[in-house]
Amino acid sequence: MISRILATLALVVVVVLPSSPAAATDATVTVANMTFTPGTVTVTLGGTVTWDFADATAHTTTSNQGFWNSGPKSSGQSFARAFSSSGSYGYHCSIHPSMHGTVRVPLTATGSSSGGWTLRWSTGTAGAGRSFDVQVRLSGTSSWKSLRNDTTKATAKFNPARSGTYQVRARTDNTANDKSSGWSPVRAVAIT
Ligand SMILES: [Cu+2]
């Protein structure tokens, strides 16, 4: 009896262990009751968002900046899109403009505070109709400065002479319509 209770407790402990704070690779959004749930999702670079449409009424997932448009979908249908570059992508339902959501895609930083960082905001060189903006600032200062503007490259080395904690963010441009995603979540990197 005791061992069974212990085994049950152990199982509960495993189940309730906090999950990693790292962003999920992929995300699923349920489209039901005139709502995108969850309204904001975060995926890693290259991660896929799948929208599952559950209402009999047709909805769409439509990028506010023309990055994607599912067209009308209803009960049992789904739409998936891979997010290959950083930004905060607002979207809405083109049939019901009050329905809206956001997909957030952070950039990554690999390296060290002593050797500098390689910042990556895209899985590869920009495709047709795309470019990227990257900004940086020292933590505690207010003004963002451009690190890259309208670049088609996916990465940059970041190793400034001045030590401190820097914040970096990136966004994706749709050069076909001159619109840009919102800025990605901020990534902090230390330089010593
Ligand atoms: Cu709708």
# chains A, B, ... in the order shown; residues from 1 in each chain; ligands from 1

$ residues_near_ligand --ligand "ligand 1" --cutoff "6 Å" --atoms "only C-alpha atoms and all ligand atoms" --output "MDAnalysis selection string"
chainID A and resid 34 59:60 93 95:96

$ residues_around --residues "A:Thr172" --least-positions-apart "4" --cutoff "7 Å" --atoms "only C-alpha atoms" --output "list in words"
Ser85, Ser86, Gly87, Arg130, Ser131, Phe132, Asp133, Ser180 and Ser181 of chain A

$ select_by_dssp --residues "stretch 41-171 of chain A" --states "strand (DSSP E or B)" --output "JSON, numbers by chain"
{"A": [41, 42, 43, 48, 49, 50, 51, 52, 53, 59, 62, 63, 69, 73, 78, 79, 80, 81, 82, 85, 87, 88, 89, 90, 91, 92, 100, 101, 102, 103, 104, 105, 108, 109, 110, 111, 112, 116, 117, 118, 119, 120, 122, 130, 131, 132, 133, 134, 135, 136, 137, 138, 145, 146, 147, 148, 149, 150, 151, 155, 156, 157, 158, 164, 165, 166, 167, 168, 169, 170, 171]}

$ residues_around --residues "A:Leu107" --least-positions-apart "4" --cutoff "9 Å" --atoms "only C-alpha atoms" --output "list in words"
Thr44, Leu45, Ser85, Ser86, Gly87, Leu119, Arg120, Trp121, Ser122, Val168, Arg169, Ala170, Ser184, Pro185, Val186 and Arg187 of chain A

$ closest_atom_pairs --of "stretch 76-115 of chain A" --to "stretch 154-161 of chain A" --cutoff "12 Å" --atoms "only C-alpha atoms" --output "Markdown table"
| residue | atom | partner | partner_atom | distance |
| --- | --- | --- | --- | --- |
| A:Ser84 | CA | A:Ala154 | CA | 10.0 |
| A:Ser85 | CA | A:Ala154 | CA | 8.4 |
| A:Ser86 | CA | A:Ala154 | CA | 9.9 |
| A:Leu107 | CA | A:Thr155 | CA | 9.6 |
| A:Thr108 | CA | A:Thr155 | CA | 9.4 |
| A:Ala109 | CA | A:Phe158 | CA | 9.2 |
| A:Thr110 | CA | A:Lys157 | CA | 9.7 |
| A:Gly111 | CA | A:Lys157 | CA | 9.5 |
| A:Ser112 | CA | A:Asn159 | CA | 9.6 |
| A:Ser113 | CA | A:Asn159 | CA | 8.5 |
| A:Ser114 | CA | A:Asn159 | CA | 8.6 |
| A:Gly115 | CA | A:Asn159 | CA | 7.2 |

$ write_last_selection --atoms "all heavy atoms" --output "PDB file, in the first residue's frame"
ATOM      1  N   SER A  84      10.478  31.356 -40.427  1.00  0.00           N
ATOM      2  CA  SER A  84      11.912  31.199 -40.655  1.00  0.00           C
ATOM      3  C   SER A  84      12.717  32.436 -40.276  1.00  0.00           C
ATOM      4  O   SER A  84      13.938  32.426 -40.388  1.00  0.00           O
ATOM      5  CB  SER A  84      12.166  30.846 -42.127  1.00  0.00           C
ATOM      6  OG  SER A  84      11.681  31.882 -42.957  1.00  0.00           O
ATOM      7  N   SER A  85      12.048  33.508 -39.824  1.00  0.00           N
ATOM      8  CA  SER A  85      12.805  34.700 -39.440  1.00  0.00           C
ATOM      9  C   SER A  85      12.118  35.424 -38.287  1.00  0.00           C
ATOM     10  O   SER A  85      10.920  35.257 -38.032  1.00  0.00           O
ATOM     11  CB  SER A  85      12.990  35.628 -40.636  1.00  0.00           C
ATOM     12  OG  SER A  85      11.756  36.012 -41.187  1.00  0.00           O
ATOM     13  N   SER A  86      12.912  36.236 -37.593  1.00  0.00           N
ATOM     14  CA  SER A  86      12.476  36.836 -36.327  1.00  0.00           C
ATOM     15  C   SER A  86      11.517  37.996 -36.527  1.00  0.00           C
ATOM     16  O   SER A  86      11.531  38.688 -37.539  1.00  0.00           O
ATOM     17  CB  SER A  86      13.704  37.333 -35.553  1.00  0.00           C
ATOM     18  OG  SER A  86      14.523  36.252 -35.195  1.00  0.00           O
ATOM     19  N   LEU A 107      15.239  36.049 -31.851  1.00  0.00           N
ATOM     20  CA  LEU A 107      16.504  35.704 -32.507  1.00  0.00           C
ATOM     21  C   LEU A 107      17.319  34.860 -31.542  1.00  0.00           C
ATOM     22  O   LEU A 107      16.992  34.745 -30.364  1.00  0.00           O
ATOM     23  CB  LEU A 107      17.257  36.943 -32.986  1.00  0.00           C
ATOM     24  CG  LEU A 107      17.309  38.204 -32.121  1.00  0.00           C
ATOM     25  CD1 LEU A 107      18.132  38.008 -30.897  1.00  0.00           C
ATOM     26  CD2 LEU A 107      17.831  39.368 -32.941  1.00  0.00           C
ATOM     27  N   THR A 108      18.377  34.266 -32.036  1.00  0.00           N
ATOM     28  CA  THR A 108      19.222  33.447 -31.188  1.00  0.00           C
ATOM     29  C   THR A 108      20.608  34.072 -31.090  1.00  0.00           C
ATOM     30  O   THR A 108      21.021  34.853 -31.954  1.00  0.00           O
ATOM     31  CB  THR A 108      19.361  32.008 -31.724  1.00  0.00           C
ATOM     32  OG1 THR A 108      20.053  32.046 -32.981  1.00  0.00           O
ATOM     33  CG2 THR A 108      18.002  31.355 -31.913  1.00  0.00           C
ATOM     34  N   ALA A 109      21.320  33.733 -30.019  1.00  0.00           N
ATOM     35  CA  ALA A 109      22.694  34.193 -29.828  1.00  0.00           C
ATOM     36  C   ALA A 109      23.527  33.016 -29.359  1.00  0.00           C
ATOM     37  O   ALA A 109      23.179  32.365 -28.370  1.00  0.00           O
ATOM     38  CB  ALA A 109      22.730  35.327 -28.808  1.00  0.00           C
ATOM     39  N   THR A 110      24.593  32.736 -30.079  1.00  0.00           N
ATOM     40  CA  THR A 110      25.504  31.676 -29.658  1.00  0.00           C
ATOM     41  C   THR A 110      26.899  32.264 -29.543  1.00  0.00           C
ATOM     42  O   THR A 110      27.308  33.101 -30.358  1.00  0.00           O
ATOM     43  CB  THR A 110      25.519  30.506 -30.661  1.00  0.00           C
ATOM     44  OG1 THR A 110      25.800  31.018 -31.972  1.00  0.00           O
ATOM     45  CG2 THR A 110      24.182  29.785 -30.692  1.00  0.00           C
ATOM     46  N   GLY A 111      27.617  31.868 -28.520  1.00  0.00           N
ATOM     47  CA  GLY A 111      28.959  32.392 -28.304  1.00  0.00           C
ATOM     48  C   GLY A 111      29.206  32.543 -26.825  1.00  0.00           C
ATOM     49  O   GLY A 111      28.718  31.744 -26.022  1.00  0.00           O
ATOM     50  N   SER A 112      29.935  33.607 -26.457  1.00  0.00           N
ATOM     51  CA  SER A 112      30.248  33.822 -25.047  1.00  0.00           C
ATOM     52  C   SER A 112      30.475  35.302 -24.797  1.00  0.00           C
ATOM     53  O   SER A 112      30.733  36.073 -25.730  1.00  0.00           O
ATOM     54  CB  SER A 112      31.510  33.036 -24.663  1.00  0.00           C
ATOM     55  OG  SER A 112      32.641  33.583 -25.315  1.00  0.00           O
ATOM     56  N   SER A 113      30.389  35.676 -23.520  1.00  0.00           N
ATOM     57  CA  SER A 113      30.560  37.087 -23.176  1.00  0.00           C
ATOM     58  C   SER A 113      31.995  37.550 -23.433  1.00  0.00           C
ATOM     59  O   SER A 113      32.241  38.724 -23.655  1.00  0.00           O
ATOM     60  CB  SER A 113      30.186  37.313 -21.709  1.00  0.00           C
ATOM     61  OG  SER A 113      30.974  36.481 -20.887  1.00  0.00           O
ATOM     62  N   SER A 114      32.957  36.621 -23.425  1.00  0.00           N
ATOM     63  CA  SER A 114      34.352  37.015 -23.649  1.00  0.00           C
ATOM     64  C   SER A 114      34.723  36.988 -25.132  1.00  0.00           C
ATOM     65  O   SER A 114      35.551  37.782 -25.583  1.00  0.00           O
ATOM     66  CB  SER A 114      35.297  36.096 -22.871  1.00  0.00           C
ATOM     67  OG  SER A 114      35.066  34.744 -23.227  1.00  0.00           O
ATOM     68  N   GLY A 115      34.102  36.120 -25.882  1.00  0.00           N
ATOM     69  CA  GLY A 115      34.478  35.981 -27.294  1.00  0.00           C
ATOM     70  C   GLY A 115      33.510  36.623 -28.265  1.00  0.00           C
ATOM     71  O   GLY A 115      33.761  36.647 -29.474  1.00  0.00           O
TER      72      GLY A 115
END

$ residues_around --residues "A:Gln135" --least-positions-apart "6" --cutoff "10 Å" --atoms "only C-alpha atoms" --output "PyMOL selection string"
chain A and resi 143-149+167-171+183+186

$ atom_distance --atom1 "atom CA of A:Arg162" --atom2 "atom CA of A:Val189"
12.6 Å

$ closest_residue --among "A:Ala188, A:Met99, A:Ala176, A:Ala128" --to "A:Thr62" --atoms "only C-alpha atoms"
A:Met99

$ residues_around --residues "A:His100" --least-positions-apart "6" --cutoff "12 Å" --atoms "only C-alpha atoms" --output "list of chain:residue names"
A:Val29, A:Val31, A:Met34, A:Thr35, A:Phe36, A:Thr37, A:Pro38, A:Gly39, A:Thr40, A:His59, A:Thr60, A:Thr61, A:Thr62, A:Ser63, A:Asn64, A:Tyr89, A:Gly90, A:Tyr91, A:His92, A:Cys93, A:Ser94

$ write_last_selection --atoms "all heavy atoms" --output "compact mmCIF listing (two decimals), in the first residue's frame"
# COMPACT_ATOMS: atom_id res chain seq x y z
N VAL A 29 -2.57 26.87 -32.41
CA VAL A 29 -3.59 27.86 -32.05
C VAL A 29 -4.94 27.29 -32.44
O VAL A 29 -5.14 26.86 -33.57
CB VAL A 29 -3.35 29.19 -32.79
CG1 VAL A 29 -4.46 30.19 -32.47
CG2 VAL A 29 -1.98 29.77 -32.44
N VAL A 31 -8.77 27.92 -33.27
CA VAL A 31 -9.64 28.99 -33.75
C VAL A 31 -11.07 28.55 -33.50
O VAL A 31 -11.60 27.70 -34.22
CB VAL A 31 -9.41 29.27 -35.25
CG1 VAL A 31 -10.11 30.56 -35.67
CG2 VAL A 31 -7.92 29.35 -35.57
N MET A 34 -14.95 32.50 -32.14
CA MET A 34 -14.53 33.84 -32.58
C MET A 34 -13.24 34.31 -31.90
O MET A 34 -13.02 35.51 -31.73
CB MET A 34 -15.64 34.88 -32.31
CG MET A 34 -17.00 34.53 -32.90
SD MET A 34 -17.03 34.73 -34.68
CE MET A 34 -17.05 36.51 -34.81
N THR A 35 -12.38 33.36 -31.53
CA THR A 35 -11.16 33.71 -30.79
C THR A 35 -10.00 32.83 -31.23
O THR A 35 -10.19 31.64 -31.50
CB THR A 35 -11.39 33.52 -29.27
OG1 THR A 35 -12.58 34.21 -28.89
CG2 THR A 35 -10.22 34.04 -28.47
N PHE A 36 -8.80 33.42 -31.30
CA PHE A 36 -7.56 32.66 -31.46
C PHE A 36 -7.02 32.35 -30.06
O PHE A 36 -6.79 33.26 -29.27
CB PHE A 36 -6.51 33.47 -32.23
CG PHE A 36 -6.88 33.78 -33.65
CD1 PHE A 36 -7.25 35.07 -34.03
CD2 PHE A 36 -6.86 32.80 -34.63
CE1 PHE A 36 -7.58 35.37 -35.34
CE2 PHE A 36 -7.18 33.08 -35.95
CZ PHE A 36 -7.55 34.37 -36.31
N THR A 37 -6.83 31.06 -29.76
CA THR A 37 -6.38 30.67 -28.42
C THR A 37 -5.18 29.73 -28.50
O THR A 37 -5.30 28.68 -29.12
CB THR A 37 -7.51 29.98 -27.64
OG1 THR A 37 -8.67 30.83 -27.67
CG2 THR A 37 -7.09 29.72 -26.21
N PRO A 38 -4.02 30.06 -27.87
CA PRO A 38 -3.76 31.33 -27.19
C PRO A 38 -3.56 32.48 -28.18
O PRO A 38 -3.16 32.25 -29.33
CB PRO A 38 -2.46 31.05 -26.41
CG PRO A 38 -1.82 29.91 -27.11
CD PRO A 38 -2.89 29.12 -27.79
N GLY A 39 -3.82 33.68 -27.71
CA GLY A 39 -3.74 34.84 -28.59
C GLY A 39 -2.32 35.19 -28.99
O GLY A 39 -2.09 35.74 -30.06
N THR A 40 -1.37 34.87 -28.13
CA THR A 40 0.04 35.09 -28.44
C THR A 40 0.79 33.78 -28.27
O THR A 40 0.66 33.12 -27.24
CB THR A 40 0.66 36.15 -27.51
OG1 THR A 40 -0.02 37.39 -27.71
CG2 THR A 40 2.14 36.35 -27.82
N HIS A 59 -13.29 31.03 -40.72
CA HIS A 59 -12.38 32.10 -40.30
C HIS A 59 -11.13 32.02 -41.17
O HIS A 59 -10.95 31.06 -41.92
CB HIS A 59 -11.96 31.93 -38.83
CG HIS A 59 -13.10 31.96 -37.86
ND1 HIS A 59 -13.82 33.10 -37.59
CD2 HIS A 59 -13.64 30.98 -37.08
CE1 HIS A 59 -14.75 32.82 -36.69
NE2 HIS A 59 -14.67 31.54 -36.38
N THR A 60 -10.26 33.01 -41.02
CA THR A 60 -8.96 32.95 -41.68
C THR A 60 -7.89 33.30 -40.66
O THR A 60 -8.17 33.90 -39.63
CB THR A 60 -8.82 33.98 -42.83
OG1 THR A 60 -8.63 35.29 -42.28
CG2 THR A 60 -10.05 33.97 -43.74
N THR A 61 -6.64 32.92 -40.93
CA THR A 61 -5.49 33.54 -40.28
C THR A 61 -4.78 34.32 -41.37
O THR A 61 -4.33 33.74 -42.38
CB THR A 61 -4.57 32.53 -39.55
OG1 THR A 61 -3.33 33.21 -39.24
CG2 THR A 61 -4.27 31.30 -40.38
N THR A 62 -4.73 35.63 -41.18
CA THR A 62 -4.25 36.55 -42.21
C THR A 62 -3.24 37.50 -41.60
O THR A 62 -3.57 38.25 -40.67
CB THR A 62 -5.43 37.34 -42.81
OG1 THR A 62 -6.42 36.43 -43.31
CG2 THR A 62 -4.95 38.27 -43.92
N SER A 63 -2.02 37.45 -42.09
CA SER A 63 -0.97 38.33 -41.58
C SER A 63 -1.33 39.79 -41.80
O SER A 63 -1.81 40.18 -42.86
CB SER A 63 0.34 38.00 -42.30
OG SER A 63 1.27 39.05 -42.14
N ASN A 64 -1.06 40.63 -40.79
CA ASN A 64 -1.32 42.07 -40.92
C ASN A 64 -0.38 42.72 -41.93
O ASN A 64 -0.67 43.81 -42.42
CB ASN A 64 -1.14 42.77 -39.57
CG ASN A 64 -2.16 42.31 -38.54
OD1 ASN A 64 -3.12 41.61 -38.88
ND2 ASN A 64 -1.94 42.70 -37.29
N TYR A 89 4.70 38.86 -35.30
CA TYR A 89 3.81 38.86 -36.46
C TYR A 89 2.36 38.96 -36.00
O TYR A 89 1.79 37.99 -35.50
CB TYR A 89 4.01 37.58 -37.27
CG TYR A 89 5.40 37.43 -37.85
CD1 TYR A 89 6.42 36.83 -37.11
CD2 TYR A 89 5.69 37.88 -39.14
CE1 TYR A 89 7.69 36.68 -37.64
CE2 TYR A 89 6.95 37.74 -39.67
CZ TYR A 89 7.94 37.14 -38.92
OH TYR A 89 9.21 36.99 -39.45
N GLY A 90 1.78 40.14 -36.19
CA GLY A 90 0.36 40.29 -35.90
C GLY A 90 -0.48 39.70 -37.03
O GLY A 90 -0.08 39.72 -38.20
N TYR A 91 -1.63 39.14 -36.67
CA TYR A 91 -2.53 38.61 -37.69
C TYR A 91 -3.97 38.78 -37.23
O TYR A 91 -4.24 39.13 -36.07
CB TYR A 91 -2.22 37.14 -38.00
CG TYR A 91 -2.46 36.18 -36.86
CD1 TYR A 91 -3.70 35.55 -36.72
CD2 TYR A 91 -1.47 35.89 -35.93
CE1 TYR A 91 -3.93 34.66 -35.67
CE2 TYR A 91 -1.70 35.01 -34.89
CZ TYR A 91 -2.93 34.39 -34.76
OH TYR A 91 -3.16 33.52 -33.73
N HIS A 92 -4.88 38.56 -38.15
CA HIS A 92 -6.30 38.74 -37.85
C HIS A 92 -7.11 37.77 -38.70
O HIS A 92 -6.57 37.07 -39.57
CB HIS A 92 -6.72 40.19 -38.13
CG HIS A 92 -6.54 40.59 -39.57
ND1 HIS A 92 -5.31 40.97 -40.09
CD2 HIS A 92 -7.42 40.63 -40.61
CE1 HIS A 92 -5.45 41.24 -41.37
NE2 HIS A 92 -6.71 41.05 -41.72
N CYS A 93 -8.41 37.76 -38.46
CA CYS A 93 -9.33 37.02 -39.33
C CYS A 93 -9.91 38.03 -40.31
O CYS A 93 -10.47 39.05 -39.90
CB CYS A 93 -10.44 36.37 -38.51
SG CYS A 93 -11.78 35.69 -39.52
N SER A 94 -9.77 37.76 -41.59
CA SER A 94 -10.21 38.75 -42.59
C SER A 94 -11.73 38.84 -42.65
O SER A 94 -12.28 39.79 -43.20
CB SER A 94 -9.64 38.41 -43.96
OG SER A 94 -10.18 37.18 -44.42

$ atom_distance --atom1 "atom CA of A:Thr48" --atom2 "atom CA of A:Arg81"
5.5 Å

$ atom_distance --atom1 "atom CA of A:Thr118" --atom2 "atom CA of A:Gly46"
17.1 Å
